[in-house]
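One structure is given below, encoded as structure tokens.
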Amino acid sequence: MIRITFPDGTVREYQKGVSSYEVAMSISPRLAAEVYAATVNGELRDIARPLDTDSTLRLHKWDDPEAKHAFWHSSAHLMAEALESLWPGIKFGIGPAIENGFYYDVDPGEGKVITDADLPVIEARMKDLAARNSQIVRTEVSKKEALELFTAKGDEYKTELISELEDGTITLYRQGNFTDLCRGPHLPDTSAIKAIKILSLAGAYWRGDEKRRMLTRIYGITFPKQKMLDEYMVMLEEARKRDHRRIGRELELFSFSHKVGMGLPLWLPKGADLKQRLIDFMTRVLKKRGYTMVSTPHIGSVDLYKTSGHYEKYGADSFRPITTPQEGEVFMLKPMNCPHHCEIYNATPHSYKELPIRMAEFGTVYRYEQSGELHGLTRVRSFTQDDAHHFCRPDQLKDEFKSIIDLVQYIFKIAGFSEFTAQISLRDPQNHEKYIGSDENWEKAEKAIIEAAGEKNLTTTIAIGEAAFYGPKLDFMVRDAIGRKWQLGTIQVDYNLPERFELTYMGNDNQKHQPVMIHRAIFGSMERFVAVLIENTSGKFPIWLTPDQAVMLPISEKFNEYAKTILNLLNNSDIRTLIDDRNEKIGKKIRDNELKRIPYLLVIGEKEAESGTISVRRQGEGDKGVMKPEEFIRLVRDEIGREIDV
RNA sequence: GCCUCCUUAGCUCAGUGGUAGAGCAGCUCACUCGUAAUGAGCAGGUCGUGGGUUCAACUCCCAUGGGAGGCUCCA
């Protein structure tokens, strides 16, 4: 007998060799039917695997990520089995479970193409195969056996993977006629996979390397119940409606023009207004926090970027240099503001007493992004950073860093980004040539970031090898409508530019010292921030920020005049108000302005005109009753006060 | 840049080897209206661009621009 300890501390005895599934059955068959994976002594396992020793056991139901992972991983294998039966000889790369569903990278073979039209076919075959309730069987094999198996099959991608694995750790999973190299864990059989949707196709380079072959990546998702899949598809559809490109067009915020060029956003009046309001707000916040504003040109001499090291690192991937009629003059479109700011620092001498200097600019920069990379406002070739550089003494570094974390948290709170992630990006210790600067400075900078994040109680993930070439960084990421993560805020420590630009300050010892530089952006870029804000709010911006706060809706043309007097009153009271005096019925006006997401719709008819009132309707909420214009002004001001005073 | 798909009116989309339609938006007129679409009429497209096949191409083929989803990259 072996003793199994459950998460709640209870202990039960079982026959040696009992499976996690059987344990679940012994508790309740209903539980067993919903368990897809188990953590045994801290190790995630198939529920079909036998338990041989006294163990702690956690059973994972659907709501646990571990369960979904096993479910979707098995689904990936099921899809692979379907693909192999449809395209004999197809070769397989990797097929993992992902956050929502799974994919498999495949090579259908020379001259064969999988297209969108094949997706329903794959789906149907998967359903057939799933219905056979094939057992999913785990076997441990030697490296030699594994290599022989996949060499015989001609699966060169798998053999490449196997050749990098350690002997004795290799496992295979087989269901039906399909065998895959896999660590697991998996479902005991395919019967639980009831609802299947093959979502999309994409190209993906083998092992993410663009010099290697491009495989076909097939994305899918599965659920134990059809209803869950239906709900998921509805959720996806809802998310698509929040796409900032769609809302940006509907609300007339921004546009792109083929003639102007791809990736070059055009801010329409309402969007420009919104963007400017964000800039004004941020400027007020920065001034309170001891920043000074600076302004620099959109181009800079190529020497500037040679000094900074950017030219060497990125010159080939940038917009081409600009040359002048005068020979020998070469300029670059500004891809970042830091070198300019370094030269502003150098324009005047500095004492240790002045530091930290916090220099901010809403600087528009230009970066050549590959055409396939461009995406709405989140990935563009021209964008405005809310950029700033802190020049500080080494002893001030950590406090400066912490103050910026504070600022990020403050701004994200006002923007309503409650769910953001913070990532500390360090250099790859295996690959020092990717970075510039001394080991000593890197270690100091990395230590400062980790400590500062720790002292601010920030939950962080650490990404090795993701640092900028000049220093480590802390990035803040927010999700868009369909769950993609976008980096907004970033804080980066840099000992290298101060050295390259020979930045100095006079210390209390009457000696020159080198300041430390912190690069930081809070919004990241105005473009990306607005995009993420649109998707997080569905275009229902907070009232302090929204382009139009209220719209007057006269019930008929008879009341246009009264509506206009109120319009003037509101606008003079700094409430951004429009009038919809079209010759339309009130129902139509309400519908149109609701769709424009204007927060307050003010209906004006005979009653209001007689009593000197307005009838207030809140967007998305309905009629709020009649009030005096002064009351409404107070209402809006209070609301703005609550939004900004966080 | 690469893979798959898409590209028809301002927007959303039909459509056929015989040079095009709908809804919404726009404009005009009538109605003067009470909380999510009043009615009628008008106007709007060399079917992304350039080649080719054909008696004839929006439709088939090639190239190219642009877009979508990914891959890669993101100072």
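Residues in the structure tokens are numbered from 1 in each chain, the chains being A, B, ... in the order shown, and ligands are numbered from 1 in the order shown.
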TODO: Using only C-alpha atoms (C1' of nucleotides), find which residues of chain B lie within 6 Å of chain A and jot them down as a list in words.
DONE: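 Only these qualify: C3, U4, U32, C33, A36, A37, G70 and C71 of chain B.
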Selection from above, N, CA and C atoms (P, O5', C5', C4', C3', O3' and C1' of nucleotides), as a short mmCIF file (atom, residue, chain, number, x, y, z; two decimals), in the first residue's frame, can you write it?
```cif
data_model
loop_
_atom_site.label_atom_id
_atom_site.label_comp_id
_atom_site.auth_asym_id
_atom_site.auth_seq_id
_atom_site.Cartn_x
_atom_site.Cartn_y
_atom_site.Cartn_z
P C B 3 6.98 32.97 -49.24
"O5'" C B 3 5.99 32.28 -48.20
"C5'" C B 3 6.22 30.96 -47.76
"C4'" C B 3 5.15 30.56 -46.78
"C3'" C B 3 3.72 30.77 -47.25
"O3'" C B 3 3.29 29.68 -48.06
"C1'" C B 3 3.96 31.61 -45.05
P U B 4 2.21 29.95 -49.25
"O5'" U B 4 0.84 30.19 -48.46
"C5'" U B 4 0.08 29.08 -48.02
"C4'" U B 4 -1.08 29.56 -47.19
"C3'" U B 4 -2.05 30.49 -47.90
"O3'" U B 4 -2.97 29.80 -48.72
"C1'" U B 4 -1.51 31.39 -45.79
P U B 32 -45.33 68.13 -39.46
"O5'" U B 32 -44.19 68.03 -38.36
"C5'" U B 32 -44.27 67.09 -37.29
"C4'" U B 32 -43.24 67.43 -36.23
"C3'" U B 32 -43.51 68.75 -35.50
"O3'" U B 32 -43.07 68.64 -34.16
"C1'" U B 32 -41.38 68.83 -36.53
P C B 33 -44.03 68.15 -33.01
"O5'" C B 33 -43.22 66.87 -32.53
"C5'" C B 33 -43.91 65.65 -32.34
"C4'" C B 33 -43.03 64.49 -32.73
"C3'" C B 33 -41.89 64.15 -31.78
"O3'" C B 33 -41.90 62.75 -31.55
"C1'" C B 33 -41.13 64.18 -33.98
P A B 36 -34.32 54.18 -26.75
"O5'" A B 36 -33.20 54.34 -27.87
"C5'" A B 36 -33.48 55.08 -29.07
"C4'" A B 36 -32.82 54.39 -30.24
"C3'" A B 36 -33.31 52.96 -30.48
"O3'" A B 36 -33.18 52.69 -31.86
"C1'" A B 36 -31.04 52.93 -29.92
P A B 37 -34.48 52.46 -32.75
"O5'" A B 37 -34.13 53.23 -34.08
"C5'" A B 37 -33.56 54.52 -34.10
"C4'" A B 37 -33.42 54.93 -35.55
"C3'" A B 37 -34.57 54.49 -36.45
"O3'" A B 37 -34.59 55.35 -37.57
"C1'" A B 37 -32.62 53.38 -37.09
P G B 70 -2.05 37.24 -34.41
"O5'" G B 70 -1.21 35.96 -34.72
"C5'" G B 70 0.17 36.04 -34.80
"C4'" G B 70 0.66 34.79 -35.47
"C3'" G B 70 2.17 34.72 -35.46
"O3'" G B 70 2.61 34.09 -34.27
"C1'" G B 70 1.39 34.45 -37.67
P C B 71 3.89 34.68 -33.53
"O5'" C B 71 5.05 34.27 -34.55
"C5'" C B 71 5.34 32.91 -34.80
"C4'" C B 71 6.42 32.79 -35.84
"C3'" C B 71 7.68 33.61 -35.57
"O3'" C B 71 8.54 32.95 -34.67
"C1'" C B 71 7.01 33.92 -37.80
#
```
Using only C-alpha atoms (C1' of nucleotides), which residues sit within 12 Å of Thr459 of chain A once same-chain residues fewer than 6 positions away are excluded, as a PDB file with all heavy atoms, in the first residue's frame?
```pdb
ATOM      1  N   ILE A 405       8.897  53.727 -11.263  1.00  0.00           N
ATOM      2  CA  ILE A 405       7.918  52.652 -11.073  1.00  0.00           C
ATOM      3  C   ILE A 405       6.629  53.236 -10.506  1.00  0.00           C
ATOM      4  O   ILE A 405       5.522  52.913 -10.957  1.00  0.00           O
ATOM      5  CB  ILE A 405       8.481  51.546 -10.152  1.00  0.00           C
ATOM      6  CG1 ILE A 405       9.691  50.877 -10.801  1.00  0.00           C
ATOM      7  CG2 ILE A 405       7.400  50.505  -9.828  1.00  0.00           C
ATOM      8  CD1 ILE A 405      10.361  49.815  -9.945  1.00  0.00           C
ATOM      9  N   GLU A 419      -4.599  45.209 -15.089  1.00  0.00           N
ATOM     10  CA  GLU A 419      -3.884  43.959 -15.334  1.00  0.00           C
ATOM     11  C   GLU A 419      -2.694  44.215 -16.236  1.00  0.00           C
ATOM     12  O   GLU A 419      -2.807  44.159 -17.445  1.00  0.00           O
ATOM     13  CB  GLU A 419      -4.814  42.954 -16.034  1.00  0.00           C
ATOM     14  CG  GLU A 419      -6.098  42.705 -15.305  1.00  0.00           C
ATOM     15  CD  GLU A 419      -6.158  41.303 -14.749  1.00  0.00           C
ATOM     16  OE1 GLU A 419      -5.502  40.414 -15.329  1.00  0.00           O
ATOM     17  OE2 GLU A 419      -6.834  41.104 -13.725  1.00  0.00           O
ATOM     18  N   PHE A 420      -1.564  44.517 -15.629  1.00  0.00           N
ATOM     19  CA  PHE A 420      -0.365  44.636 -16.451  1.00  0.00           C
ATOM     20  C   PHE A 420       0.692  43.701 -15.899  1.00  0.00           C
ATOM     21  O   PHE A 420       0.596  43.241 -14.759  1.00  0.00           O
ATOM     22  CB  PHE A 420       0.136  46.082 -16.496  1.00  0.00           C
ATOM     23  CG  PHE A 420       0.515  46.658 -15.160  1.00  0.00           C
ATOM     24  CD1 PHE A 420       1.779  46.457 -14.641  1.00  0.00           C
ATOM     25  CD2 PHE A 420      -0.406  47.390 -14.428  1.00  0.00           C
ATOM     26  CE1 PHE A 420       2.127  46.992 -13.412  1.00  0.00           C
ATOM     27  CE2 PHE A 420      -0.072  47.918 -13.193  1.00  0.00           C
ATOM     28  CZ  PHE A 420       1.204  47.718 -12.684  1.00  0.00           C
ATOM     29  N   THR A 421       1.657  43.384 -16.714  1.00  0.00           N
ATOM     30  CA  THR A 421       2.744  42.542 -16.232  1.00  0.00           C
ATOM     31  C   THR A 421       4.045  43.328 -16.337  1.00  0.00           C
ATOM     32  O   THR A 421       4.189  44.201 -17.187  1.00  0.00           O
ATOM     33  CB  THR A 421       2.870  41.247 -17.053  1.00  0.00           C
ATOM     34  OG1 THR A 421       2.982  41.601 -18.435  1.00  0.00           O
ATOM     35  CG2 THR A 421       1.667  40.363 -16.873  1.00  0.00           C
ATOM     36  N   ALA A 422       4.948  43.021 -15.450  1.00  0.00           N
ATOM     37  CA  ALA A 422       6.241  43.698 -15.440  1.00  0.00           C
ATOM     38  C   ALA A 422       7.328  42.659 -15.700  1.00  0.00           C
ATOM     39  O   ALA A 422       7.322  41.589 -15.114  1.00  0.00           O
ATOM     40  CB  ALA A 422       6.471  44.375 -14.097  1.00  0.00           C
ATOM     41  N   GLN A 423       8.207  42.989 -16.616  1.00  0.00           N
ATOM     42  CA  GLN A 423       9.258  42.034 -16.989  1.00  0.00           C
ATOM     43  C   GLN A 423      10.627  42.690 -16.839  1.00  0.00           C
ATOM     44  O   GLN A 423      10.881  43.755 -17.372  1.00  0.00           O
ATOM     45  CB  GLN A 423       9.058  41.606 -18.444  1.00  0.00           C
ATOM     46  CG  GLN A 423      10.170  40.712 -18.964  1.00  0.00           C
ATOM     47  CD  GLN A 423       9.966  40.351 -20.434  1.00  0.00           C
ATOM     48  OE1 GLN A 423       8.937  39.820 -20.824  1.00  0.00           O
ATOM     49  NE2 GLN A 423      10.956  40.678 -21.253  1.00  0.00           N
ATOM     50  N   ILE A 424      11.477  42.012 -16.093  1.00  0.00           N
ATOM     51  CA  ILE A 424      12.861  42.483 -15.974  1.00  0.00           C
ATOM     52  C   ILE A 424      13.667  41.789 -17.065  1.00  0.00           C
ATOM     53  O   ILE A 424      13.701  40.565 -17.141  1.00  0.00           O
ATOM     54  CB  ILE A 424      13.436  42.144 -14.590  1.00  0.00           C
ATOM     55  CG1 ILE A 424      12.658  42.865 -13.496  1.00  0.00           C
ATOM     56  CG2 ILE A 424      14.916  42.511 -14.531  1.00  0.00           C
ATOM     57  CD1 ILE A 424      13.110  42.518 -12.082  1.00  0.00           C
ATOM     58  N   ILE A 450      16.580  44.933 -10.084  1.00  0.00           N
ATOM     59  CA  ILE A 450      15.945  43.851  -9.337  1.00  0.00           C
ATOM     60  C   ILE A 450      15.579  44.332  -7.936  1.00  0.00           C
ATOM     61  O   ILE A 450      14.480  44.059  -7.434  1.00  0.00           O
ATOM     62  CB  ILE A 450      16.880  42.618  -9.298  1.00  0.00           C
ATOM     63  CG1 ILE A 450      17.001  42.029 -10.711  1.00  0.00           C
ATOM     64  CG2 ILE A 450      16.371  41.573  -8.317  1.00  0.00           C
ATOM     65  CD1 ILE A 450      18.126  41.038 -10.882  1.00  0.00           C
ATOM     66  N   ALA A 452      15.088  47.511  -6.927  1.00  0.00           N
ATOM     67  CA  ALA A 452      14.044  48.535  -6.971  1.00  0.00           C
ATOM     68  C   ALA A 452      12.679  47.888  -7.165  1.00  0.00           C
ATOM     69  O   ALA A 452      11.705  48.239  -6.480  1.00  0.00           O
ATOM     70  CB  ALA A 452      14.327  49.529  -8.094  1.00  0.00           C
ATOM     71  N   ALA A 453      12.591  46.926  -8.086  1.00  0.00           N
ATOM     72  CA  ALA A 453      11.315  46.246  -8.332  1.00  0.00           C
ATOM     73  C   ALA A 453      10.867  45.511  -7.083  1.00  0.00           C
ATOM     74  O   ALA A 453       9.686  45.532  -6.727  1.00  0.00           O
ATOM     75  CB  ALA A 453      11.445  45.282  -9.509  1.00  0.00           C
ATOM     76  N   LEU A 474      13.319  47.311 -17.333  1.00  0.00           N
ATOM     77  CA  LEU A 474      12.071  46.827 -16.740  1.00  0.00           C
ATOM     78  C   LEU A 474      10.950  47.301 -17.660  1.00  0.00           C
ATOM     79  O   LEU A 474      10.809  48.502 -17.899  1.00  0.00           O
ATOM     80  CB  LEU A 474      11.899  47.430 -15.339  1.00  0.00           C
ATOM     81  CG  LEU A 474      10.594  47.150 -14.614  1.00  0.00           C
ATOM     82  CD1 LEU A 474      10.416  45.657 -14.334  1.00  0.00           C
ATOM     83  CD2 LEU A 474      10.545  47.910 -13.283  1.00  0.00           C
ATOM     84  N   ASP A 475      10.205  46.356 -18.205  1.00  0.00           N
ATOM     85  CA  ASP A 475       9.142  46.710 -19.151  1.00  0.00           C
ATOM     86  C   ASP A 475       7.775  46.427 -18.552  1.00  0.00           C
ATOM     87  O   ASP A 475       7.601  45.442 -17.834  1.00  0.00           O
ATOM     88  CB  ASP A 475       9.259  45.868 -20.440  1.00  0.00           C
ATOM     89  CG  ASP A 475      10.485  46.247 -21.245  1.00  0.00           C
ATOM     90  OD1 ASP A 475      10.892  47.419 -21.188  1.00  0.00           O
ATOM     91  OD2 ASP A 475      11.031  45.364 -21.925  1.00  0.00           O
ATOM     92  N   PHE A 476       6.819  47.280 -18.899  1.00  0.00           N
ATOM     93  CA  PHE A 476       5.443  47.087 -18.435  1.00  0.00           C
ATOM     94  C   PHE A 476       4.570  46.750 -19.630  1.00  0.00           C
ATOM     95  O   PHE A 476       4.540  47.482 -20.618  1.00  0.00           O
ATOM     96  CB  PHE A 476       4.941  48.357 -17.743  1.00  0.00           C
ATOM     97  CG  PHE A 476       5.691  48.650 -16.476  1.00  0.00           C
ATOM     98  CD1 PHE A 476       6.886  49.356 -16.517  1.00  0.00           C
ATOM     99  CD2 PHE A 476       5.231  48.180 -15.273  1.00  0.00           C
ATOM    100  CE1 PHE A 476       7.592  49.613 -15.351  1.00  0.00           C
ATOM    101  CE2 PHE A 476       5.932  48.428 -14.105  1.00  0.00           C
ATOM    102  CZ  PHE A 476       7.114  49.146 -14.145  1.00  0.00           C
TER     103      PHE A 476
END
```
- [ ] Determine the nearest neighbour of Leu570 of chain A from the options A:Ile614, A:Ala272, A:Ala415, A:Leu533, counting only C-alpha atoms.
- [x]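 Of all the options, A:Ile614 lies closest to Leu570 of chain A.
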- [ ] Give me the residues within 9 Å of Ala192 of chain A as a list in words, counting only C-alpha atoms (C1' of nucleotides) and dropping any in the same chain fewer than 4 places off.
- [x]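 Contacts, with the query itself left out: Ala33, Glu34, Tyr36, Phe71, Ala130, Asn133, Leu187, Phe223, Pro224 and Lys225 of chain A.
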Write the selection just made, keeping all heavy atoms, as a short mmCIF file (atom, residue, chain, number, x, y, z; two decimals), in the first residue's frame?
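Once written, part.cif looks like this:
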```cif
data_model
loop_
_atom_site.label_atom_id
_atom_site.label_comp_id
_atom_site.auth_asym_id
_atom_site.auth_seq_id
_atom_site.Cartn_x
_atom_site.Cartn_y
_atom_site.Cartn_z
N ALA A 33 -14.11 12.30 -14.14
CA ALA A 33 -14.44 12.68 -15.51
C ALA A 33 -13.94 14.07 -15.85
O ALA A 33 -13.81 14.41 -17.02
CB ALA A 33 -15.96 12.61 -15.71
N GLU A 34 -13.66 14.87 -14.83
CA GLU A 34 -13.24 16.25 -15.09
C GLU A 34 -11.76 16.47 -14.85
O GLU A 34 -11.28 17.59 -14.96
CB GLU A 34 -14.03 17.21 -14.20
CG GLU A 34 -15.49 17.30 -14.57
CD GLU A 34 -16.22 18.25 -13.64
OE1 GLU A 34 -15.69 19.33 -13.36
OE2 GLU A 34 -17.32 17.88 -13.18
N TYR A 36 -7.91 16.21 -15.75
CA TYR A 36 -7.12 16.03 -16.98
C TYR A 36 -5.63 15.92 -16.74
O TYR A 36 -4.87 15.57 -17.64
CB TYR A 36 -7.40 17.21 -17.93
CG TYR A 36 -8.86 17.30 -18.30
CD1 TYR A 36 -9.60 18.44 -17.99
CD2 TYR A 36 -9.51 16.25 -18.94
CE1 TYR A 36 -10.95 18.52 -18.31
CE2 TYR A 36 -10.85 16.33 -19.27
CZ TYR A 36 -11.56 17.46 -18.95
OH TYR A 36 -12.89 17.55 -19.27
N PHE A 71 -4.90 18.99 -21.85
CA PHE A 71 -6.03 18.82 -22.77
C PHE A 71 -5.64 19.31 -24.17
O PHE A 71 -5.87 18.64 -25.18
CB PHE A 71 -7.21 19.63 -22.24
CG PHE A 71 -8.53 19.28 -22.87
CD1 PHE A 71 -9.34 18.31 -22.30
CD2 PHE A 71 -8.95 19.93 -24.02
CE1 PHE A 71 -10.56 17.99 -22.88
CE2 PHE A 71 -10.17 19.60 -24.60
CZ PHE A 71 -10.97 18.63 -24.03
N ALA A 130 -11.25 11.50 -32.62
CA ALA A 130 -11.50 11.66 -31.18
C ALA A 130 -12.58 10.68 -30.73
O ALA A 130 -12.51 10.11 -29.65
CB ALA A 130 -11.93 13.09 -30.88
N ASN A 133 -12.01 7.21 -29.22
CA ASN A 133 -11.55 7.06 -27.84
C ASN A 133 -10.22 6.32 -27.75
O ASN A 133 -10.03 5.46 -26.89
CB ASN A 133 -12.58 6.29 -27.00
CG ASN A 133 -13.88 7.05 -26.91
OD1 ASN A 133 -13.94 8.21 -27.34
ND2 ASN A 133 -14.90 6.43 -26.39
N LEU A 187 -3.78 13.54 -21.78
CA LEU A 187 -5.02 12.89 -21.34
C LEU A 187 -4.84 11.38 -21.46
O LEU A 187 -4.00 10.92 -22.23
CB LEU A 187 -6.18 13.33 -22.24
CG LEU A 187 -6.43 14.83 -22.36
CD1 LEU A 187 -7.57 15.09 -23.34
CD2 LEU A 187 -6.74 15.44 -21.01
N PHE A 223 -12.41 21.95 -26.55
CA PHE A 223 -13.03 22.03 -25.22
C PHE A 223 -13.72 20.70 -24.92
O PHE A 223 -14.07 19.95 -25.83
CB PHE A 223 -14.08 23.15 -25.18
CG PHE A 223 -13.47 24.52 -25.27
CD1 PHE A 223 -13.33 25.16 -26.50
CD2 PHE A 223 -13.02 25.17 -24.13
CE1 PHE A 223 -12.75 26.41 -26.58
CE2 PHE A 223 -12.44 26.43 -24.21
CZ PHE A 223 -12.31 27.05 -25.44
N PRO A 224 -13.96 20.46 -23.63
CA PRO A 224 -14.68 19.24 -23.28
C PRO A 224 -16.16 19.32 -23.62
O PRO A 224 -16.84 18.30 -23.65
CB PRO A 224 -14.47 19.11 -21.77
CG PRO A 224 -13.75 20.29 -21.31
CD PRO A 224 -13.41 21.15 -22.47
N LYS A 225 -16.67 20.55 -23.83
CA LYS A 225 -18.11 20.69 -24.14
C LYS A 225 -18.29 21.65 -25.30
O LYS A 225 -17.61 22.68 -25.38
CB LYS A 225 -18.87 21.24 -22.93
CG LYS A 225 -18.97 20.27 -21.78
CD LYS A 225 -19.86 20.83 -20.69
CE LYS A 225 -19.91 19.87 -19.52
NZ LYS A 225 -19.77 20.55 -18.23
#
```
Residues near C47 of chain B, anyone? I mean within 10 Å using only C-alpha atoms (C1' of nucleotides), not counting same-chain ones fewer than 4 positions away, as a PDB file with C-alpha atoms (C1' of nucleotides), in the first residue's frame.
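Once everything was written out, this is result-v7.pdb:
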```pdb
ATOM      1  C1'   U B   7      -8.348  43.270 -51.978  1.00  0.00           C
ATOM      2  C1'   U B   8     -15.578  45.515 -55.729  1.00  0.00           C
ATOM      3  C1'   A B   9     -18.894  52.737 -53.624  1.00  0.00           C
ATOM      4  C1'   A B  20     -21.534  45.926 -61.718  1.00  0.00           C
ATOM      5  C1'   C B  58     -14.306  42.568 -62.098  1.00  0.00           C
ATOM      6  C1'   U B  59     -14.188  37.175 -63.138  1.00  0.00           C
TER       7        U B  59
END
```
- [ ] Apply DSSP to the backbone of this structure and, from segment 81-202 of chain A, keep only the residues in strand (DSSP E or B); write these as a ChimeraX atom specification.
- [x] /A:91-92,97-98,101-107,135,137-141,170-175,178-181,189,195-202
Task: Nearest-residue call for G1 of chain B, choices B:A14, B:A43, B:C73, B:A57, using only C-alpha atoms (C1' of nucleotides) - done: B:C73
Task: Neighbour list for Lys153 of chain A as an MDAnalysis selection string, cut-off 10 Å, only C-alpha atoms (C1' of nucleotides), skip fewer than 6 positions in-chain - done: chainID A and resid 89:91 147 159
Who sits within 8 Å of Leu229 of chain A, only C-alpha atoms (C1' of nucleotides), same chain under 4 positions skipped, as an mmCIF file with all heavy atoms, in the first residue's frame:
```cif
data_model
loop_
_atom_site.group_PDB
_atom_site.id
_atom_site.type_symbol
_atom_site.label_atom_id
_atom_site.label_comp_id
_atom_site.auth_asym_id
_atom_site.auth_seq_id
_atom_site.Cartn_x
_atom_site.Cartn_y
_atom_site.Cartn_z
ATOM 1 N N ALA A 195 -15.315 19.155 -28.385
ATOM 2 C CA ALA A 195 -15.576 20.302 -29.247
ATOM 3 C C ALA A 195 -14.251 20.774 -29.839
ATOM 4 O O ALA A 195 -13.304 21.037 -29.112
ATOM 5 C CB ALA A 195 -16.222 21.429 -28.456
ATOM 6 N N ILE A 196 -14.208 20.864 -31.164
ATOM 7 C CA ILE A 196 -12.939 21.141 -31.843
ATOM 8 C C ILE A 196 -13.123 22.274 -32.834
ATOM 9 O O ILE A 196 -14.081 22.298 -33.603
ATOM 10 C CB ILE A 196 -12.464 19.883 -32.609
ATOM 11 C CG1 ILE A 196 -12.250 18.723 -31.629
ATOM 12 C CG2 ILE A 196 -11.195 20.188 -33.402
ATOM 13 C CD1 ILE A 196 -12.010 17.381 -32.304
ATOM 14 N N LYS A 197 -12.191 23.221 -32.802
ATOM 15 C CA LYS A 197 -12.206 24.277 -33.819
ATOM 16 C C LYS A 197 -10.770 24.510 -34.291
ATOM 17 O O LYS A 197 -9.887 24.808 -33.489
ATOM 18 C CB LYS A 197 -12.761 25.570 -33.210
ATOM 19 C CG LYS A 197 -12.899 26.695 -34.202
ATOM 20 C CD LYS A 197 -14.103 26.477 -35.085
ATOM 21 C CE LYS A 197 -14.137 27.479 -36.225
ATOM 22 N NZ LYS A 197 -15.217 27.162 -37.175
ATOM 23 N N THR A 222 -9.743 23.394 -28.451
ATOM 24 C CA THR A 222 -10.711 22.339 -28.169
ATOM 25 C C THR A 222 -11.259 22.537 -26.767
ATOM 26 O O THR A 222 -10.643 23.215 -25.948
ATOM 27 C CB THR A 222 -10.044 20.950 -28.210
ATOM 28 O OG1 THR A 222 -8.898 20.986 -27.346
ATOM 29 C CG2 THR A 222 -9.615 20.568 -29.602
ATOM 30 N N PHE A 223 -12.415 21.947 -26.551
ATOM 31 C CA PHE A 223 -13.034 22.026 -25.223
ATOM 32 C C PHE A 223 -13.723 20.702 -24.920
ATOM 33 O O PHE A 223 -14.072 19.950 -25.834
ATOM 34 C CB PHE A 223 -14.075 23.147 -25.184
ATOM 35 C CG PHE A 223 -13.468 24.522 -25.267
ATOM 36 C CD1 PHE A 223 -13.333 25.157 -26.498
ATOM 37 C CD2 PHE A 223 -13.019 25.170 -24.126
ATOM 38 C CE1 PHE A 223 -12.754 26.413 -26.576
ATOM 39 C CE2 PHE A 223 -12.443 26.431 -24.212
ATOM 40 C CZ PHE A 223 -12.311 27.053 -25.438
ATOM 41 N N LYS A 225 -16.674 20.553 -23.828
ATOM 42 C CA LYS A 225 -18.108 20.690 -24.144
ATOM 43 C C LYS A 225 -18.294 21.654 -25.298
ATOM 44 O O LYS A 225 -17.610 22.676 -25.377
ATOM 45 C CB LYS A 225 -18.871 21.240 -22.930
ATOM 46 C CG LYS A 225 -18.968 20.269 -21.782
ATOM 47 C CD LYS A 225 -19.858 20.829 -20.692
ATOM 48 C CE LYS A 225 -19.913 19.869 -19.517
ATOM 49 N NZ LYS A 225 -19.772 20.546 -18.228
ATOM 50 N N MET A 233 -16.017 31.215 -29.009
ATOM 51 C CA MET A 233 -16.106 31.862 -30.317
ATOM 52 C C MET A 233 -16.843 33.208 -30.214
ATOM 53 O O MET A 233 -16.474 34.168 -30.884
ATOM 54 C CB MET A 233 -16.809 30.941 -31.334
ATOM 55 C CG MET A 233 -16.064 29.647 -31.636
ATOM 56 S SD MET A 233 -14.311 29.839 -32.039
ATOM 57 C CE MET A 233 -14.424 30.593 -33.656
#
```
Task: Filtered DSSP result for segment 483-571 of chain A, state helix (DSSP H, G or I), as number ranges by chain - done: A: 496-500, 526-537, 557-571
Task: Residue nearest Leu333 of chain A among A:Leu304, A:Met627, A:Val365, A:Leu497 (counting only C-alpha atoms) - done: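 Residue with the minimum atom-to-atom distance to Leu333 of chain A: A:Val365.
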Open item on the list: I'd like the neighbourhood of segment 360-362 of chain A as a VMD selection string, where a residue qualifies if any of its atoms comes within 12 Å (using only C-alpha atoms (C1' of nucleotides)), though same-chain residues fewer than 2 positions away should be ignored.
Closed with: chain A and resid 275 to 276 278 to 280 282 to 287 289 to 298 336 to 338 340 to 342 344 to 345 357 to 358 364 to 365 383 to 391 518 to 527
TODO: Tell me which of A:Gln492, A:Asn508, A:Gln409, A:Thr169 sits closest to Leu458 of chain A, counting only C-alpha atoms.
DONE: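 For Leu458 of chain A, the nearest of the given residues is A:Gln409.
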